[in-house]
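One structure below.
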Amino acid sequence: MRKPRDLEAELRVLQNRSATVRARMVMRLGELVETIGAGALELDVLAGALLEAMAETEPETIERWRSRGAAFFALRREARPRNR
């Protein structure tokens, strides 16, 4: 006869994994804010800008932002010293 699964234990593992992923996401968002220099903004200004971005629905605007972000990260990759 098969041993019954411990669903409670599996649920705890999934919840722990979820908490880890959320913590990593928050840390990466903080790193992004610092990397682009937005940490110098007042908290209200940064929050307002993000809220406006979340409300944006124009595909052209979103694509312009995407292109600008991709260009920013491409420049950072090029500026990194290469290990040989």
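Naming works like this for the structure tokens: A, B, ... for the chains as they're shown, residue 1 at the start of each chain, ligands 1 onward in shown order.
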
Subject >> Contact residues around range 25-42 of chain A with only C-alpha atoms at 12 Å, ignoring same-chain residues under 6 positions, as a ChimeraX atom specification >> reply: /A:18-19,48-50,68-69,72-73,76

Original post:
So which residues of chain A fall under helix (DSSP H, G or I) by DSSP, listed as a ChimeraX atom specification?
Top reply: /A:7-35,38-40,43-55,59-79
